[in-house]
file data.txt (compact mmCIF, C-alpha atoms)
# COMPACT_ATOMS: atom_id res chain seq x y z
CA MET W 257 190.05 -116.67 -70.96
CA LYS W 258 186.44 -116.13 -72.00
CA PHE W 259 187.52 -113.00 -73.91
CA ILE W 260 190.09 -115.00 -75.89
CA LYS W 261 187.62 -117.82 -76.50
CA ASN W 262 185.00 -115.41 -77.87
CA HIS W 263 187.49 -113.89 -80.29
CA LEU W 264 188.78 -117.30 -81.38
CA MET W 265 185.21 -118.36 -82.13
CA PHE W 266 185.10 -115.48 -84.60
CA ILE W 267 188.67 -115.57 -85.92
CA LEU W 268 188.83 -119.31 -86.66
CA PRO W 269 185.75 -119.46 -88.94
CA LEU W 270 186.92 -116.28 -90.66
CA MET W 271 190.35 -117.83 -91.14
CA ALA W 272 188.71 -120.92 -92.63
CA ILE W 273 187.13 -118.73 -95.30
CA LEU W 274 190.36 -116.78 -95.89
CA LEU W 275 192.40 -119.98 -96.09
CA GLY W 276 189.90 -121.25 -98.64
CA ILE W 277 190.16 -118.04 -100.67
CA GLU W 278 193.96 -118.08 -100.62
CA PHE W 279 194.09 -121.78 -101.36
CA TYR W 280 191.88 -121.19 -104.38
CA LEU W 281 194.12 -118.33 -105.55
CA VAL W 282 197.19 -120.56 -105.21
CA PHE W 283 195.43 -123.47 -106.89
CA ASP W 284 194.25 -121.26 -109.73
CA ARG W 285 197.74 -119.87 -110.33
CA THR W 286 199.48 -123.25 -110.20
CA THR W 287 196.86 -124.99 -112.34
CA ASP W 288 197.05 -122.18 -114.87
CA SER W 289 200.74 -123.00 -115.15
CA TYR W 290 199.93 -126.71 -115.36
CA GLU W 291 197.25 -126.05 -117.97
CA GLU W 292 199.77 -124.03 -119.96
CA GLY W 293 202.09 -127.04 -119.84
CA LEU W 294 199.30 -129.35 -121.02
CA LYS W 295 198.56 -126.96 -123.85
CA GLU W 296 202.22 -126.85 -124.87
CA ARG W 297 202.52 -130.64 -124.80
CA TYR W 298 199.33 -131.21 -126.75
CA SER W 299 199.30 -131.05 -130.53
CA MET W 300 197.09 -132.20 -133.41
CA LEU W 301 198.37 -134.13 -136.40
CA VAL W 302 197.25 -132.86 -139.79
CA VAL W 303 197.83 -134.81 -143.02
CA SER W 304 197.51 -132.93 -146.31
CA LYS W 305 197.95 -133.63 -150.00
CA GLU W 306 199.80 -130.39 -150.67
CA PRO W 307 201.98 -128.03 -148.55
CA ILE W 308 199.93 -125.63 -146.41
CA GLU W 309 201.13 -122.33 -144.99
CA PHE W 310 200.54 -121.22 -141.39
CA SER W 311 198.32 -118.38 -142.63
CA THR W 312 196.02 -120.93 -144.23
CA PHE W 313 195.72 -122.88 -140.97
CA LYS W 314 195.02 -119.65 -139.13
CA SER W 315 192.31 -118.63 -141.58
CA LEU W 316 190.62 -122.00 -141.12
CA GLU W 317 190.81 -122.00 -137.30
CA ASN W 318 191.61 -119.07 -135.03
CA HIS W 319 192.74 -121.32 -132.14
CA VAL W 320 195.79 -122.46 -134.09
CA SER W 321 198.88 -120.90 -132.47
CA SER W 322 201.75 -122.63 -134.30
CA VAL W 323 202.35 -125.11 -137.09
CA LYS W 324 205.42 -127.29 -137.56
CA GLU W 325 205.96 -129.43 -140.63
CA ILE W 326 207.14 -132.96 -139.88
CA GLU W 327 209.97 -133.77 -142.26
CA ARG W 328 208.96 -136.64 -144.52
CA GLU W 329 212.62 -137.68 -144.87
CA ASN W 330 212.71 -138.48 -141.15
CA ILE W 331 209.61 -140.65 -141.44
CA VAL W 332 211.06 -142.59 -144.38
CA ALA W 333 214.42 -142.98 -142.62
CA LYS W 334 212.70 -144.71 -139.69
CA VAL W 335 210.51 -147.09 -141.69
CA ALA W 336 212.58 -147.74 -144.81
CA LYS W 337 215.98 -148.80 -143.49
CA GLY W 338 218.05 -150.70 -146.03
CA ILE W 339 216.18 -149.37 -149.04
CA ASP W 340 218.28 -147.63 -151.70
CA ASP W 341 218.10 -143.87 -152.22
CA SER W 342 216.02 -143.97 -155.38
CA ALA W 343 213.35 -146.07 -153.70
CA SER W 344 213.40 -143.76 -150.68
CA ASP W 345 212.90 -140.76 -152.95
CA GLU W 346 209.90 -142.44 -154.56
CA ILE W 347 208.41 -143.15 -151.13
CA ILE W 348 208.95 -139.53 -150.08
CA MET W 349 207.25 -138.27 -153.23
CA ALA W 350 204.28 -140.56 -152.59
CA LEU W 351 203.87 -139.51 -148.97
CA PRO W 352 201.45 -136.75 -148.00
CA TYR W 353 202.55 -133.76 -145.91
CA PHE W 354 202.40 -133.99 -142.11
CA TYR W 355 201.96 -131.05 -139.73
CA GLU W 356 202.10 -130.76 -135.96
CA VAL W 357 199.49 -128.14 -135.03
CA ARG W 358 199.44 -126.51 -131.58
CA LEU W 359 196.55 -124.56 -130.10
CA ASP W 360 196.42 -121.35 -128.09
CA SER W 361 194.40 -122.85 -125.20
CA TYR W 362 193.49 -126.13 -123.51
CA LEU W 363 190.11 -127.10 -124.99
CA ASP W 364 187.51 -129.76 -124.35
CA LEU W 365 186.59 -132.53 -126.79
CA ASP W 366 183.64 -130.65 -128.30
CA ASN W 367 185.86 -127.72 -129.24
CA LEU W 368 188.52 -130.07 -130.58
CA GLU W 369 185.93 -131.67 -132.85
CA LYS W 370 184.88 -128.20 -134.08
CA ILE W 371 188.51 -127.39 -134.86
CA LYS W 372 188.85 -130.71 -136.68
CA ALA W 373 185.77 -129.94 -138.76
CA ASN W 374 187.01 -126.41 -139.57
CA LEU W 375 190.39 -127.69 -140.72
CA LYS W 376 188.87 -130.39 -142.92
CA VAL W 377 187.02 -127.71 -144.87
CA ASN W 378 190.26 -127.35 -146.81
CA LYS W 379 190.16 -129.95 -149.59
CA ASN W 380 193.91 -130.57 -149.35
CA ILE W 381 193.61 -131.79 -145.76
CA LYS W 382 193.08 -135.56 -145.77
CA LYS W 383 193.04 -136.28 -142.06
CA VAL W 384 193.10 -134.52 -138.69
CA GLU W 385 194.04 -136.55 -135.62
CA THR W 386 193.01 -134.93 -132.32
CA PHE W 387 194.10 -137.80 -129.99
CA GLY W 388 190.75 -137.36 -128.29
CA SER W 389 190.93 -140.37 -125.99
CA SER W 390 194.06 -139.45 -124.05
CA HIS W 391 193.30 -135.74 -124.17
CA GLY W 392 189.72 -136.23 -123.02
CA SER W 393 190.71 -138.26 -119.95
CA ALA W 394 193.25 -135.67 -118.84
CA TYR W 395 190.89 -132.77 -119.53
CA ARG W 396 187.96 -134.32 -117.62
CA LEU W 397 190.14 -135.20 -114.63
CA PHE W 398 191.59 -131.67 -114.59
CA LYS W 399 188.18 -130.02 -114.72
CA PHE W 400 186.72 -132.41 -112.14
CA ILE W 401 189.45 -131.50 -109.63
CA LYS W 402 188.81 -127.79 -110.15
CA PHE W 403 185.04 -128.23 -109.80
CA THR W 404 185.41 -130.37 -106.64
CA LEU W 405 187.66 -127.77 -105.04
CA LYS W 406 185.22 -124.95 -105.81
CA LEU W 407 182.32 -126.94 -104.38
CA PHE W 408 184.25 -127.83 -101.23
CA LEU W 409 185.35 -124.23 -100.64
CA PHE W 410 181.80 -123.02 -101.22
CA PHE W 411 180.36 -125.27 -98.50
CA ILE W 412 183.22 -124.46 -96.11
CA SER W 413 182.57 -120.74 -96.64
CA ILE W 414 178.83 -121.09 -96.03
CA VAL W 415 179.33 -123.05 -92.78
CA SER W 416 182.02 -120.63 -91.58
CA LEU W 417 179.83 -117.63 -92.39
CA PHE W 418 177.01 -119.03 -90.26
CA LEU W 419 179.46 -119.50 -87.38
CA ILE W 420 180.63 -115.89 -87.77
CA ILE W 421 177.05 -114.62 -87.72
CA LYS W 422 176.28 -116.72 -84.64
CA GLN W 423 179.30 -115.26 -82.82
CA MET W 424 178.23 -111.78 -83.90
CA GLU W 425 174.83 -112.39 -82.30
CA ILE W 426 176.57 -113.39 -79.06
CA TRP W 427 178.50 -110.12 -79.12
CA LYS W 428 175.29 -108.22 -79.76
CA TYR W 429 173.68 -109.66 -76.65
CA ALA W 430 176.88 -109.13 -74.63
CA HIS W 431 176.67 -105.39 -75.41
CA LYS W 432 172.88 -105.28 -75.20
CA GLU W 433 172.68 -102.83 -72.30
CA ARG W 434 175.13 -100.39 -73.84
CA MET W 435 173.22 -100.45 -77.11
CA GLN W 436 169.90 -99.95 -75.31
CA VAL W 437 171.22 -96.83 -73.56
CA MET W 438 172.36 -95.42 -76.91
CA GLU W 439 168.93 -96.23 -78.33
CA ILE W 440 167.21 -94.31 -75.49
CA PHE W 441 169.29 -91.25 -76.36
CA GLY W 442 168.25 -91.50 -79.99
CA ALA W 443 171.42 -92.91 -81.50
CA PRO W 444 170.83 -94.32 -84.99
CA LEU W 445 170.99 -98.06 -85.48
CA MET W 446 174.37 -98.14 -87.17
CA LEU W 447 175.94 -95.94 -84.48
CA ARG W 448 174.63 -98.27 -81.78
CA SER W 449 176.25 -101.13 -83.66
CA GLY W 450 179.64 -99.40 -83.76
CA ILE W 451 181.04 -101.69 -81.06
CA LEU W 452 180.26 -104.72 -83.24
CA PHE W 453 182.08 -103.18 -86.20
CA LYS W 454 185.06 -102.31 -84.01
CA ILE W 455 185.46 -105.85 -82.68
CA ALA W 456 184.79 -107.43 -86.06
CA PHE W 457 187.31 -105.22 -87.89
CA LEU W 458 189.98 -106.01 -85.28
CA ASP W 459 189.44 -109.73 -85.70
CA ALA W 460 189.41 -109.33 -89.49
CA PHE W 461 192.91 -107.84 -89.36
CA ILE W 462 194.08 -110.62 -87.03
CA ALA W 463 192.60 -113.34 -89.25
CA THR W 464 194.22 -111.81 -92.33
CA PHE W 465 197.59 -111.60 -90.57
CA LEU W 466 197.46 -115.23 -89.37
CA THR W 467 196.34 -116.53 -92.77
CA SER W 468 199.18 -114.65 -94.46
CA LEU W 469 201.66 -116.16 -91.99
CA VAL W 470 200.41 -119.67 -92.78
CA PHE W 471 200.93 -119.26 -96.51
CA LEU W 472 204.26 -117.47 -96.07
CA TYR W 473 205.43 -120.49 -94.10
CA VAL W 474 204.13 -122.82 -96.81
CA LYS W 475 205.92 -120.80 -99.49
CA LEU W 476 209.24 -120.15 -97.77
CA VAL W 477 209.67 -123.36 -95.74
CA TRP W 478 207.38 -126.24 -96.71
CA ALA W 479 207.18 -125.86 -100.50
CA GLY W 480 210.91 -126.27 -101.06
CA VAL W 481 211.09 -129.57 -99.19
CA SER W 482 207.64 -130.93 -100.10
CA GLY W 483 208.96 -133.08 -102.94
CA ILE W 484 205.82 -132.30 -104.95
CA ASP W 485 206.98 -131.37 -108.44
CA ILE W 486 204.19 -128.93 -109.28
CA ILE W 487 204.63 -127.16 -105.90
CA VAL W 488 208.41 -126.88 -106.22
CA LYS W 489 208.20 -125.53 -109.77
CA ASN W 490 205.56 -122.96 -108.82
CA GLN W 491 206.89 -121.98 -105.39
CA GLU W 492 206.87 -118.26 -106.22
CA LYS W 493 203.15 -118.47 -107.05
CA ILE W 494 202.08 -119.91 -103.69
CA PHE W 495 201.77 -116.53 -101.99
CA LYS W 496 202.10 -112.99 -103.34
CA MET W 497 202.10 -109.74 -101.39
CA SER W 498 199.06 -108.62 -103.37
CA ASP W 499 197.19 -111.56 -101.80
CA ILE W 500 197.27 -109.73 -98.44
CA GLY W 501 195.11 -106.99 -99.92
CA ILE W 502 192.69 -109.55 -101.37
CA LEU W 503 192.44 -111.37 -98.04
CA LEU W 504 191.95 -108.17 -96.03
CA PHE W 505 189.28 -106.88 -98.40
CA SER W 506 187.52 -110.26 -98.26
CA ALA W 507 187.69 -110.36 -94.45
CA LEU W 508 186.29 -106.84 -94.09
CA PHE W 509 183.56 -107.57 -96.61
CA ILE W 510 182.56 -110.74 -94.74
CA VAL W 511 182.41 -109.07 -91.32
CA ILE W 512 180.44 -106.12 -92.71
CA ILE W 513 177.92 -108.56 -94.19
CA ALA W 514 177.76 -110.42 -90.86
CA VAL W 515 177.22 -107.24 -88.82
CA TYR W 516 174.55 -105.92 -91.16
CA PHE W 517 172.79 -109.28 -91.15
CA VAL W 518 172.72 -109.42 -87.33
CA VAL W 519 171.72 -105.78 -86.90
CA PHE W 520 168.97 -105.63 -89.50
CA SER W 521 167.59 -109.11 -88.88
CA ALA W 522 166.84 -108.04 -85.30
CA LYS W 523 165.35 -104.69 -86.40
CA GLY W 524 166.69 -103.02 -83.33
CA VAL W 525 167.87 -104.13 -79.95
CA GLU W 526 165.42 -106.04 -77.87
CA GLU W 527 164.24 -104.40 -74.69
call {"tool": "encode", "arguments": {"input": "data.txt", "output": "structure tokens"}}
result
Amino acid sequence: MKFIKNHLMFILPLMAILLGIEFYLVFDRTTDSYEEGLKERYSMLVVSKEPIEFSTFKSLENHVSSVKEIERENIVAKVAKGIDDSASDEIIMALPYFYEVRLDSYLDLDNLEKIKANLKVNKNIKKVETFGSSHGSAYRLFKFIKFTLKLFLFFISIVSLFLIIKQMEIWKYAHKERMQVMEIFGAPLMLRSGILFKIAFLDAFIATFLTSLVFLYVKLVWAGVSGIDIIVKNQEKIFKMSDIGILLFSALFIVIIAVYFVVFSAKGVEE
């Protein structure tokens, strides 16, 4: 029972870090998809005196990805019902040209203002509407969620790492006599610490396996019935087989750091 408890005291904090890493990977992939959707739904309105080609927009601002002209006839048809054709034609001729401009990325308000200024360099462009109020609220909320998650995962990782190091110190003292005998016979420090690496690597593989099982369950079972739209639409992005390699590499890196910290902080085994 004590053996299992000692390993759980190492595996659980390591799993907390791995769960955080995988959760961030999943969050990053799903929010990238969400951000792409925000980018596709967002557009700027440009009003110009004369027709403007896409190449002109592109030369003014590199972030412009597509330009769609809004038909003036449709605008007149909506606001000038009941007016005869000749009057409608006069209204159309008097109207400026309207363009729906889409960007290649989801930008903050400062960058939107720079784009607005770059477009207005063209003398034919009378007005550029960035819809900054609604866009700014969504952008700030989106970035705040990402920042909060990163901060939370950072603190969880720090606390879990300290718990791992503490458990590693317990293992060091549990194998103190064996390490002292090896020291008497002139074994180098890292060779004497081989037992710590062996135990830590075993638990790293176990933690990686259990973490992968958790996210496989989330992907294959929970995601489909969660009822959360963004989860259902991005179910295939919740866990990828390549994530196992990332988790295993992270676990091994963490335990190596923990072993080295314990071994070199002590500067040898106490007598």
call {"tool": "axis_aligned_box", "arguments": {"input": "data.txt", "around": "range 402-405 of chain W", "padding_each_side": "6 Å", "output": "lines of an AutoDock Vina configuration file"}}
result
center_x = 186.9
center_y = -129.1
center_z = -107.6
size_x = 15.8
size_y = 14.6
size_z = 17.1
call {"tool": "residues_around", "arguments": {"input": "data.txt", "residues": "Asn490 in chain W", "least_positions_apart": "4", "cutoff": "9 Å", "atoms": "all atoms listed in the file", "output": "PyMOL selection string"}}
result
chain W and resi 285-286+289+479+485-486+494
call {"tool": "closest_residue", "arguments": {"input": "data.txt", "among": "W:Ile273, W:Met265, W:Ile308, W:Val377", "to": "Glu425 in chain W", "atoms": "only C-alpha atoms"}}
result
W:Met265
call {"tool": "closest_residue", "arguments": {"input": "data.txt", "among": "W:Leu419, W:Ile412, W:Ile513, W:Ala507", "to": "Gly276 in chain W", "atoms": "only C-alpha atoms"}}
result
W:Ile412
call {"tool": "atom_distance", "arguments": {"input": "data.txt", "atom1": "CA of Tyr429 in chain W", "atom2": "CA of Lys261 in chain W"}}
result
16.2 Å
call {"tool": "closest_residue", "arguments": {"input": "data.txt", "among": "W:Lys475, W:Lys454, W:Arg396, W:Lys314", "to": "Leu363 in chain W", "atoms": "all atoms listed in the file"}}
result
W:Arg396
call {"tool": "atom_distance", "arguments": {"input": "data.txt", "atom1": "CA of Thr464 in chain W", "atom2": "CA of Met271 in chain W"}}
result
7.3 Å
call {"tool": "closest_residue", "arguments": {"input": "data.txt", "among": "W:Phe354, W:Tyr516, W:Phe505, W:Tyr362", "to": "Asp288 in chain W", "atoms": "all atoms listed in the file"}}
result
W:Tyr362
call {"tool": "residues_around", "arguments": {"input": "data.txt", "residues": "Lys496 in chain W", "least_positions_apart": "4", "cutoff": "12 Å", "atoms": "all atoms listed in the file", "output": "number ranges by chain"}}
result
W: 278, 281-282, 285, 468-469, 471-472, 474-476, 490-492, 500-503
call {"tool": "atom_distance", "arguments": {"input": "data.txt", "atom1": "CA of Ile421 in chain W", "atom2": "CA of Ala514 in chain W"}}
result
5.3 Å
call {"tool": "closest_residue", "arguments": {"input": "data.txt", "among": "W:Ile326, W:Ala272, W:Ile512, W:Val519", "to": "Leu301 in chain W", "atoms": "only C-alpha atoms"}}
result
W:Ile326
call {"tool": "residues_around", "arguments": {"input": "data.txt", "residues": "Asn318 in chain W", "least_positions_apart": "5", "cutoff": "9 Å", "atoms": "only C-alpha atoms", "output": "list in words"}}
result
Phe313, Leu359, Asp360 and Ile371 of chain W
call {"tool": "residues_around", "arguments": {"input": "data.txt", "residues": "Asn262 in chain W", "least_positions_apart": "2", "cutoff": "12 Å", "atoms": "all atoms listed in the file", "output": "list of chain:residue names"}}
result
W:Met257, W:Lys258, W:Phe259, W:Ile260, W:Leu264, W:Met265, W:Phe266, W:Ile267, W:Leu268, W:Pro269, W:Leu419, W:Ile420, W:Lys422, W:Gln423, W:Met424, W:Glu425, W:Ile426, W:Trp427, W:Ala430, W:Ile455, W:Ala456, W:Asp459
call {"tool": "closest_residue", "arguments": {"input": "data.txt", "among": "W:Ile484, W:Ile414, W:Ile401, W:Ile381", "to": "Thr287 in chain W", "atoms": "all atoms listed in the file"}}
result
W:Ile401
